[in-house]
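Below is one structure, written out as structure tokens; comments come after it.
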Amino acid sequence: MKVLIIYDHTGKQKENYPMKITLVAGLALLLSLTLGLAACGGGTPSQAASVQASVGDPLVGEKIFASACAACHGPKGQGVPGFSQDMNQSQLITSQTDQELVEFIKVGGLPGEALVMPPKGGIPSLTDPNLVDIVAYIRSLQE
């Protein structure tokens with residue numbers, strides 16, 4: 001059986017999850033972010049240029065993203081054709097502060113969406129430092 005490996009904020013392995021559960025949670029997360037992007041509408045080029053600096057560790061975030069987020073968002077945040085948009089060009093991401101993105105991931109998708117991303121993408125063991133590192137990695141994809 002394939003498993004998902006979760007890393008803590010220092011990059012050490014923390015927990016394993018069955019891939020089937022992870023894939024479903026990840027797909028729900030991706031769809032939720034896609035719907036959120038569609039609801040936000042377009043932005044201006046100046047918004048895209050205003051990517052905030054992050055305090056997390058993007059290298060640790062990359063490891064966590066690979067095991068917790070890539071099933072729905074693609075290994076480099078490029079999205080899944082026909083399912084999710086490219087996080088590297090996301091107006092939703094560029095228009096939010098790091099803390100707002102952490103809070104979005106913690107709470108999950110917005111009520112009323114067809115598929116709602118579960119809180120923390122369905123992985124309750126993700127800590128705030130994990131989420132800050134994930135956001136730092138996502139920001140690094142947009143540079």
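Residue numbers start at 1 in each chain; chains themselves are named A, B, ... in the order of the structure tokens; ligands are numbered from 1 in the order shown.
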
- Neighbours of Pro119 in chain A within 10 Å (only C-alpha atoms; same-chain residues fewer than 6 positions away dropped), as a list in words?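 Once the nearby chain positions are removed, what remains is Ala25, Leu29, Glu103, Phe104, Ile105, Lys106, Val107, Gly108, Gly109 and Leu126 of chain A.
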
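Separating CA of Glu100 in chain A from CA of Pro118 in chain A is a distance of 16.3 Å.
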
- Rank A:Glu143, A:Cys72, A:Gly56, A:Ile138 by their smallest atom-to-atom distance to Leu92 in chain A, using only C-alpha atoms, and report the top residue only.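 Going through A:Glu143, A:Cys72, A:Gly56, A:Ile138 one by one, the smallest distance to Leu92 in chain A is for A:Ile138.
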
- Message: Between CA of Gln89 in chain A and CA of Gln142 in chain A, what is the distance in Å, rounded to a tenth?
- Response: 6.8 Å

- Message: What does the structure give for the distance between CA of Ser95 in chain A and CA of Ser125 in chain A, in Å to one decimal?
- Response: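 These atoms are spaced 27.0 Å apart.
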
- With distances taken over only C-alpha atoms, the candidate from A:Val80, A:Ile93, A:Asn88, A:Ala68 nearest Gly121 in chain A is A:Ala68
